[in-house]
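Enquirer: This one is coords18.pdb, PDB, C-alpha atoms.
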ATOM      1  CA  MET A   1     151.397  78.611 111.737  1.00  0.00           C
ATOM      2  CA  ARG A   2     149.763  75.546 110.188  1.00  0.00           C
ATOM      3  CA  ALA A   3     149.141  74.770 106.528  1.00  0.00           C
ATOM      4  CA  ALA A   4     145.660  76.312 106.534  1.00  0.00           C
ATOM      5  CA  ASP A   5     147.213  79.686 107.364  1.00  0.00           C
ATOM      6  CA  ARG A   6     149.819  79.663 104.562  1.00  0.00           C
ATOM      7  CA  ASN A   7     149.920  79.845 100.791  1.00  0.00           C
ATOM      8  CA  GLU A   8     150.679  76.619  98.936  1.00  0.00           C
ATOM      9  CA  ALA A   9     154.007  77.757  97.458  1.00  0.00           C
ATOM     10  CA  ASP A  10     155.466  78.664 100.854  1.00  0.00           C
ATOM     11  CA  LEU A  11     154.180  75.444 102.386  1.00  0.00           C
ATOM     12  CA  VAL A  12     155.641  73.234  99.644  1.00  0.00           C
ATOM     13  CA  ASP A  13     158.967  75.079  99.781  1.00  0.00           C
ATOM     14  CA  ASP A  14     159.117  74.619 103.559  1.00  0.00           C
ATOM     15  CA  VAL A  15     158.326  70.903 103.266  1.00  0.00           C
ATOM     16  CA  ALA A  16     160.977  70.461 100.542  1.00  0.00           C
ATOM     17  CA  ASN A  17     163.647  72.353 102.495  1.00  0.00           C
ATOM     18  CA  THR A  18     162.834  70.452 105.675  1.00  0.00           C
ATOM     19  CA  VAL A  19     163.061  67.055 103.978  1.00  0.00           C
ATOM     20  CA  LEU A  20     166.321  67.927 102.222  1.00  0.00           C
ATOM     21  CA  SER A  21     167.869  69.015 105.528  1.00  0.00           C
ATOM     22  CA  ILE A  22     167.428  65.545 107.073  1.00  0.00           C
ATOM     23  CA  ALA A  23     170.653  63.523 107.268  1.00  0.00           C
ATOM     24  CA  GLY A  24     170.332  60.468 105.037  1.00  0.00           C
ATOM     25  CA  ILE A  25     168.085  62.087 102.416  1.00  0.00           C
ATOM     26  CA  ALA A  26     169.883  62.561  99.092  1.00  0.00           C
ATOM     27  CA  ALA A  27     167.071  64.198  97.108  1.00  0.00           C
ATOM     28  CA  LEU A  28     163.381  64.516  96.462  1.00  0.00           C
ATOM     29  CA  HIS A  29     162.251  62.085  93.748  1.00  0.00           C
ATOM     30  CA  GLY A  30     159.612  62.815  91.137  1.00  0.00           C
ATOM     31  CA  GLY A  31     158.737  59.194  90.440  1.00  0.00           C
ATOM     32  CA  GLU A  32     159.472  57.067  87.401  1.00  0.00           C
ATOM     33  CA  PHE A  33     157.846  59.508  84.974  1.00  0.00           C
ATOM     34  CA  GLY A  34     158.114  62.710  87.021  1.00  0.00           C
ATOM     35  CA  GLU A  35     154.478  62.376  88.018  1.00  0.00           C
ATOM     36  CA  ILE A  36     155.018  63.077  91.723  1.00  0.00           C
ATOM     37  CA  ALA A  37     155.039  66.855  92.045  1.00  0.00           C
ATOM     38  CA  THR A  38     153.237  69.912  93.254  1.00  0.00           C
ATOM     39  CA  TYR A  39     152.491  72.299  90.419  1.00  0.00           C
ATOM     40  CA  LEU A  40     152.801  75.980  91.260  1.00  0.00           C
ATOM     41  CA  PRO A  41     152.548  79.064  89.045  1.00  0.00           C
ATOM     42  CA  GLY A  42     155.619  78.989  86.800  1.00  0.00           C
ATOM     43  CA  ARG A  43     157.283  75.962  88.438  1.00  0.00           C
ATOM     44  CA  ARG A  44     156.856  72.544  89.945  1.00  0.00           C
ATOM     45  CA  VAL A  45     158.335  70.944  93.041  1.00  0.00           C
ATOM     46  CA  SER A  46     159.186  67.302  92.338  1.00  0.00           C
ATOM     47  CA  GLY A  47     158.784  64.692  95.044  1.00  0.00           C
ATOM     48  CA  ILE A  48     156.000  66.354  97.036  1.00  0.00           C
ATOM     49  CA  ARG A  49     152.303  65.865  96.462  1.00  0.00           C
ATOM     50  CA  LEU A  50     149.898  67.736  98.732  1.00  0.00           C
ATOM     51  CA  GLY A  51     146.372  66.428  98.699  1.00  0.00           C
ATOM     52  CA  PRO A  52     143.257  66.925 100.792  1.00  0.00           C
ATOM     53  CA  ASP A  53     143.868  63.701 102.761  1.00  0.00           C
ATOM     54  CA  VAL A  54     147.633  63.100 102.673  1.00  0.00           C
ATOM     55  CA  CYS A  55     151.008  64.726 102.107  1.00  0.00           C
ATOM     56  CA  GLU A  56     153.195  62.395 100.032  1.00  0.00           C
ATOM     57  CA  VAL A  57     156.951  62.832 100.190  1.00  0.00           C
ATOM     58  CA  HIS A  58     158.966  60.770  97.675  1.00  0.00           C
ATOM     59  CA  VAL A  59     162.693  60.632  98.349  1.00  0.00           C
ATOM     60  CA  THR A  60     166.042  59.124  97.450  1.00  0.00           C
ATOM     61  CA  ALA A  61     167.957  57.911 100.502  1.00  0.00           C
ATOM     62  CA  LEU A  62     171.715  57.756 100.962  1.00  0.00           C
ATOM     63  CA  TYR A  63     173.287  54.303 101.318  1.00  0.00           C
ATOM     64  CA  PRO A  64     173.549  52.773 103.862  1.00  0.00           C
ATOM     65  CA  ALA A  65     170.153  53.670 105.197  1.00  0.00           C
ATOM     66  CA  ASP A  66     167.885  52.544 108.011  1.00  0.00           C
ATOM     67  CA  LEU A  67     164.736  53.146 105.979  1.00  0.00           C
ATOM     68  CA  PRO A  68     162.185  52.738 108.809  1.00  0.00           C
ATOM     69  CA  ALA A  69     164.081  55.233 110.999  1.00  0.00           C
ATOM     70  CA  LEU A  70     164.596  57.612 108.094  1.00  0.00           C
ATOM     71  CA  GLY A  71     160.911  57.468 107.161  1.00  0.00           C
ATOM     72  CA  GLU A  72     159.976  58.205 110.767  1.00  0.00           C
ATOM     73  CA  ALA A  73     162.365  61.190 110.796  1.00  0.00           C
ATOM     74  CA  VAL A  74     160.741  62.603 107.655  1.00  0.00           C
ATOM     75  CA  ARG A  75     157.273  62.195 109.198  1.00  0.00           C
ATOM     76  CA  ARG A  76     158.388  63.725 112.505  1.00  0.00           C
ATOM     77  CA  TYR A  77     159.771  66.863 110.831  1.00  0.00           C
ATOM     78  CA  VAL A  78     157.074  67.327 108.174  1.00  0.00           C
ATOM     79  CA  GLU A  79     153.900  66.589 110.169  1.00  0.00           C
ATOM     80  CA  PRO A  80     154.101  69.863 112.171  1.00  0.00           C
ATOM     81  CA  LEU A  81     154.117  71.778 108.870  1.00  0.00           C
ATOM     82  CA  VAL A  82     151.032  70.220 107.280  1.00  0.00           C
ATOM     83  CA  ASP A  83     147.493  69.379 108.351  1.00  0.00           C
ATOM     84  CA  GLU A  84     147.435  65.939 106.701  1.00  0.00           C
ATOM     85  CA  PRO A  85     149.171  62.670 107.609  1.00  0.00           C
ATOM     86  CA  VAL A  86     152.575  62.301 105.934  1.00  0.00           C
ATOM     87  CA  ARG A  87     153.271  59.315 103.687  1.00  0.00           C
ATOM     88  CA  VAL A  88     156.949  58.706 102.908  1.00  0.00           C
ATOM     89  CA  VAL A  89     157.891  56.729  99.793  1.00  0.00           C
ATOM     90  CA  PHE A  90     161.483  55.661  99.136  1.00  0.00           C
ATOM     91  CA  GLN A  91     161.955  55.713  95.367  1.00  0.00           C
ATOM     92  CA  ASP A  92     165.713  55.050  95.247  1.00  0.00           C
ATOM     93  CA  ILE A  93     168.881  54.615  97.281  1.00  0.00           C
ATOM     94  CA  ARG A  94     172.096  56.347  96.233  1.00  0.00           C
ATOM     95  CA  ARG A  95     175.677  55.960  97.369  1.00  0.00           C
ATOM     96  CA  PRO A  96     177.297  59.148  98.665  1.00  0.00           C
ATOM     97  CA  LEU A  97     179.049  61.104  95.908  1.00  0.00           C
ATOM     98  CA  ALA A  98     182.532  60.562  97.373  1.00  0.00           C
ATOM     99  CA  ASP A  99     181.986  56.779  97.250  1.00  0.00           C
ATOM    100  CA  GLN A 100     180.753  56.983  93.649  1.00  0.00           C
ATOM    101  CA  ILE A 101     183.830  58.923  92.535  1.00  0.00           C
ATOM    102  CA  SER A 102     186.161  56.578  94.417  1.00  0.00           C
ATOM    103  CA  ALA A 103     184.570  53.486  92.863  1.00  0.00           C
ATOM    104  CA  GLU A 104     184.710  54.964  89.360  1.00  0.00           C
ATOM    105  CA  ASN A 105     188.429  55.742  89.736  1.00  0.00           C
ATOM    106  CA  GLN A 106     189.455  52.277  90.942  1.00  0.00           C
ATOM    107  CA  VAL A 107     191.790  50.410  88.639  1.00  0.00           C
ATOM    108  CA  THR A 108     191.484  46.653  88.456  1.00  0.00           C
ATOM    109  CA  SER A 109     194.559  44.556  87.859  1.00  0.00           C
TER     110      SER A 109
END
As structure tokens, how would this structure be written, given the file I've shared?

Expert:
Amino acid sequence: MRAADRNEADLVDDVANTVLSIAGIAALHGGEFGEIATYLPGRRVSGIRLGPDVCEVHVTALYPADLPALGEAVRRYVEPLVDEPVRVVFQDIRRPLADQISAENQVTS
């Protein structure tokens, strides 16, 4: 079932869940001012903008990341869900949580 056959809320939720299931993606990213989002009745989904000509997916990647390969993976998994070309934008790169905690707990001598 393609995008034309589905309601917008289900489509956006499926795109968000698909993107977040890809290894190397830490989160969807709403942009510097939270302007990247799809607005639905009673809620918004940050990081996804569906338009008539393109589906934009804005993400935070996990470090280390092969960004070209990760962008291609996002496109490969999302394009079957939507009728538009998929544009992937990397907004940030984040270290895995375990590395962040470890680095914060290090004691320097």

Enquirer: Enumerate, as a PyMOL selection string, the residues matched when the PyMOL selection byres ((chain A and resi 12) around 12) is run on the file above.

Expert: chain A and resi 3+6-11+13-19+37-40+43-51+55-57+78+81-82

Enquirer: Would you mind reading off the distance between atom CA of Asp83 of chain A and atom CA of Glu32 of chain A, one decimal, in Å?

Expert: 27.1 Å

Enquirer: With the PyMOL selection byres ((chain A and resi 91) around 7) as the selection, what would be picked from this file? Answer as number ranges by chain, please.

Expert: A: 29, 31, 58-60, 89-90, 92

Enquirer: Written as a ChimeraX atom specification, which residues does the PyMOL selection byres ((chain A and resi 73) around 12) give for the file shown?

Expert: /A:18-25,66-72,74-79,86-88

Enquirer: Pick out the closest residue to Ala27 of chain A from this set: A:Pro80, A:Ala65, A:Ile93, A:Pro41. Count all atoms listed in the file.

Expert: A:Ile93

Enquirer: Between atom CA of Leu28 of chain A and atom CA of Arg94 of chain A, measure the distance and give it in Å to one decimal.

Expert: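 Taking atom CA of Leu28 of chain A as the start and atom CA of Arg94 of chain A as the end point, the length is 11.9 Å.
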
Enquirer: Where atoms are absent from segment 63-87 of chain A, fill them in so it carries N, CA and C atoms, then output it as a PDB file, in the coordinates of the input.

Expert:
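Dumped everything to part.pdb:
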ATOM      1  N   TYR A  63     172.864  55.621 100.858  1.00  0.00           N
ATOM      2  CA  TYR A  63     173.287  54.303 101.318  1.00  0.00           C
ATOM      3  C   TYR A  63     174.460  54.454 102.270  1.00  0.00           C
ATOM      4  N   PRO A  64     174.543  53.708 103.337  1.00  0.00           N
ATOM      5  CA  PRO A  64     173.549  52.773 103.862  1.00  0.00           C
ATOM      6  C   PRO A  64     172.462  53.531 104.588  1.00  0.00           C
ATOM      7  N   ALA A  65     171.278  52.956 104.607  1.00  0.00           N
ATOM      8  CA  ALA A  65     170.153  53.670 105.197  1.00  0.00           C
ATOM      9  C   ALA A  65     169.309  52.728 106.049  1.00  0.00           C
ATOM     10  N   ASP A  66     168.884  53.214 107.189  1.00  0.00           N
ATOM     11  CA  ASP A  66     167.885  52.544 108.011  1.00  0.00           C
ATOM     12  C   ASP A  66     166.553  53.153 107.581  1.00  0.00           C
ATOM     13  N   LEU A  67     165.920  52.549 106.589  1.00  0.00           N
ATOM     14  CA  LEU A  67     164.736  53.146 105.979  1.00  0.00           C
ATOM     15  C   LEU A  67     163.588  53.380 106.960  1.00  0.00           C
ATOM     16  N   PRO A  68     163.272  52.439 107.862  1.00  0.00           N
ATOM     17  CA  PRO A  68     162.185  52.738 108.809  1.00  0.00           C
ATOM     18  C   PRO A  68     162.487  53.968 109.686  1.00  0.00           C
ATOM     19  N   ALA A  69     163.717  54.077 110.162  1.00  0.00           N
ATOM     20  CA  ALA A  69     164.081  55.233 110.999  1.00  0.00           C
ATOM     21  C   ALA A  69     164.087  56.522 110.180  1.00  0.00           C
ATOM     22  N   LEU A  70     164.558  56.439 108.955  1.00  0.00           N
ATOM     23  CA  LEU A  70     164.596  57.612 108.094  1.00  0.00           C
ATOM     24  C   LEU A  70     163.181  58.070 107.733  1.00  0.00           C
ATOM     25  N   GLY A  71     162.305  57.132 107.444  1.00  0.00           N
ATOM     26  CA  GLY A  71     160.911  57.468 107.161  1.00  0.00           C
ATOM     27  C   GLY A  71     160.245  58.126 108.356  1.00  0.00           C
ATOM     28  N   GLU A  72     160.535  57.612 109.545  1.00  0.00           N
ATOM     29  CA  GLU A  72     159.976  58.205 110.767  1.00  0.00           C
ATOM     30  C   GLU A  72     160.508  59.619 110.978  1.00  0.00           C
ATOM     31  N   ALA A  73     161.790  59.839 110.666  1.00  0.00           N
ATOM     32  CA  ALA A  73     162.365  61.190 110.796  1.00  0.00           C
ATOM     33  C   ALA A  73     161.673  62.157 109.844  1.00  0.00           C
ATOM     34  N   VAL A  74     161.433  61.736 108.617  1.00  0.00           N
ATOM     35  CA  VAL A  74     160.741  62.603 107.655  1.00  0.00           C
ATOM     36  C   VAL A  74     159.355  62.948 108.188  1.00  0.00           C
ATOM     37  N   ARG A  75     158.613  61.936 108.651  1.00  0.00           N
ATOM     38  CA  ARG A  75     157.273  62.195 109.198  1.00  0.00           C
ATOM     39  C   ARG A  75     157.331  63.135 110.405  1.00  0.00           C
ATOM     40  N   ARG A  76     158.275  62.913 111.291  1.00  0.00           N
ATOM     41  CA  ARG A  76     158.388  63.725 112.505  1.00  0.00           C
ATOM     42  C   ARG A  76     158.638  65.197 112.194  1.00  0.00           C
ATOM     43  N   TYR A  77     159.450  65.473 111.170  1.00  0.00           N
ATOM     44  CA  TYR A  77     159.771  66.863 110.831  1.00  0.00           C
ATOM     45  C   TYR A  77     158.729  67.524 109.937  1.00  0.00           C
ATOM     46  N   VAL A  78     158.030  66.739 109.117  1.00  0.00           N
ATOM     47  CA  VAL A  78     157.074  67.327 108.174  1.00  0.00           C
ATOM     48  C   VAL A  78     155.678  67.469 108.777  1.00  0.00           C
ATOM     49  N   GLU A  79     155.260  66.537 109.629  1.00  0.00           N
ATOM     50  CA  GLU A  79     153.900  66.589 110.169  1.00  0.00           C
ATOM     51  C   GLU A  79     153.547  67.905 110.858  1.00  0.00           C
ATOM     52  N   PRO A  80     154.477  68.574 111.577  1.00  0.00           N
ATOM     53  CA  PRO A  80     154.101  69.863 112.171  1.00  0.00           C
ATOM     54  C   PRO A  80     153.841  70.970 111.137  1.00  0.00           C
ATOM     55  N   LEU A  81     154.287  70.759 109.909  1.00  0.00           N
ATOM     56  CA  LEU A  81     154.117  71.778 108.870  1.00  0.00           C
ATOM     57  C   LEU A  81     152.793  71.670 108.132  1.00  0.00           C
ATOM     58  N   VAL A  82     152.226  70.470 108.091  1.00  0.00           N
ATOM     59  CA  VAL A  82     151.032  70.220 107.280  1.00  0.00           C
ATOM     60  C   VAL A  82     149.876  69.767 108.161  1.00  0.00           C
ATOM     61  N   ASP A  83     148.681  69.807 107.617  1.00  0.00           N
ATOM     62  CA  ASP A  83     147.493  69.379 108.351  1.00  0.00           C
ATOM     63  C   ASP A  83     147.123  67.921 108.080  1.00  0.00           C
ATOM     64  N   GLU A  84     147.763  67.298 107.105  1.00  0.00           N
ATOM     65  CA  GLU A  84     147.435  65.939 106.701  1.00  0.00           C
ATOM     66  C   GLU A  84     148.487  64.969 107.232  1.00  0.00           C
ATOM     67  N   PRO A  85     148.155  63.671 107.288  1.00  0.00           N
ATOM     68  CA  PRO A  85     149.171  62.670 107.609  1.00  0.00           C
ATOM     69  C   PRO A  85     150.237  62.652 106.509  1.00  0.00           C
ATOM     70  N   VAL A  86     151.457  62.309 106.879  1.00  0.00           N
ATOM     71  CA  VAL A  86     152.575  62.301 105.934  1.00  0.00           C
ATOM     72  C   VAL A  86     152.881  60.862 105.535  1.00  0.00           C
ATOM     73  N   ARG A  87     152.918  60.632 104.241  1.00  0.00           N
ATOM     74  CA  ARG A  87     153.271  59.315 103.687  1.00  0.00           C
ATOM     75  C   ARG A  87     154.633  59.461 103.024  1.00  0.00           C
TER      76      ARG A  87
END
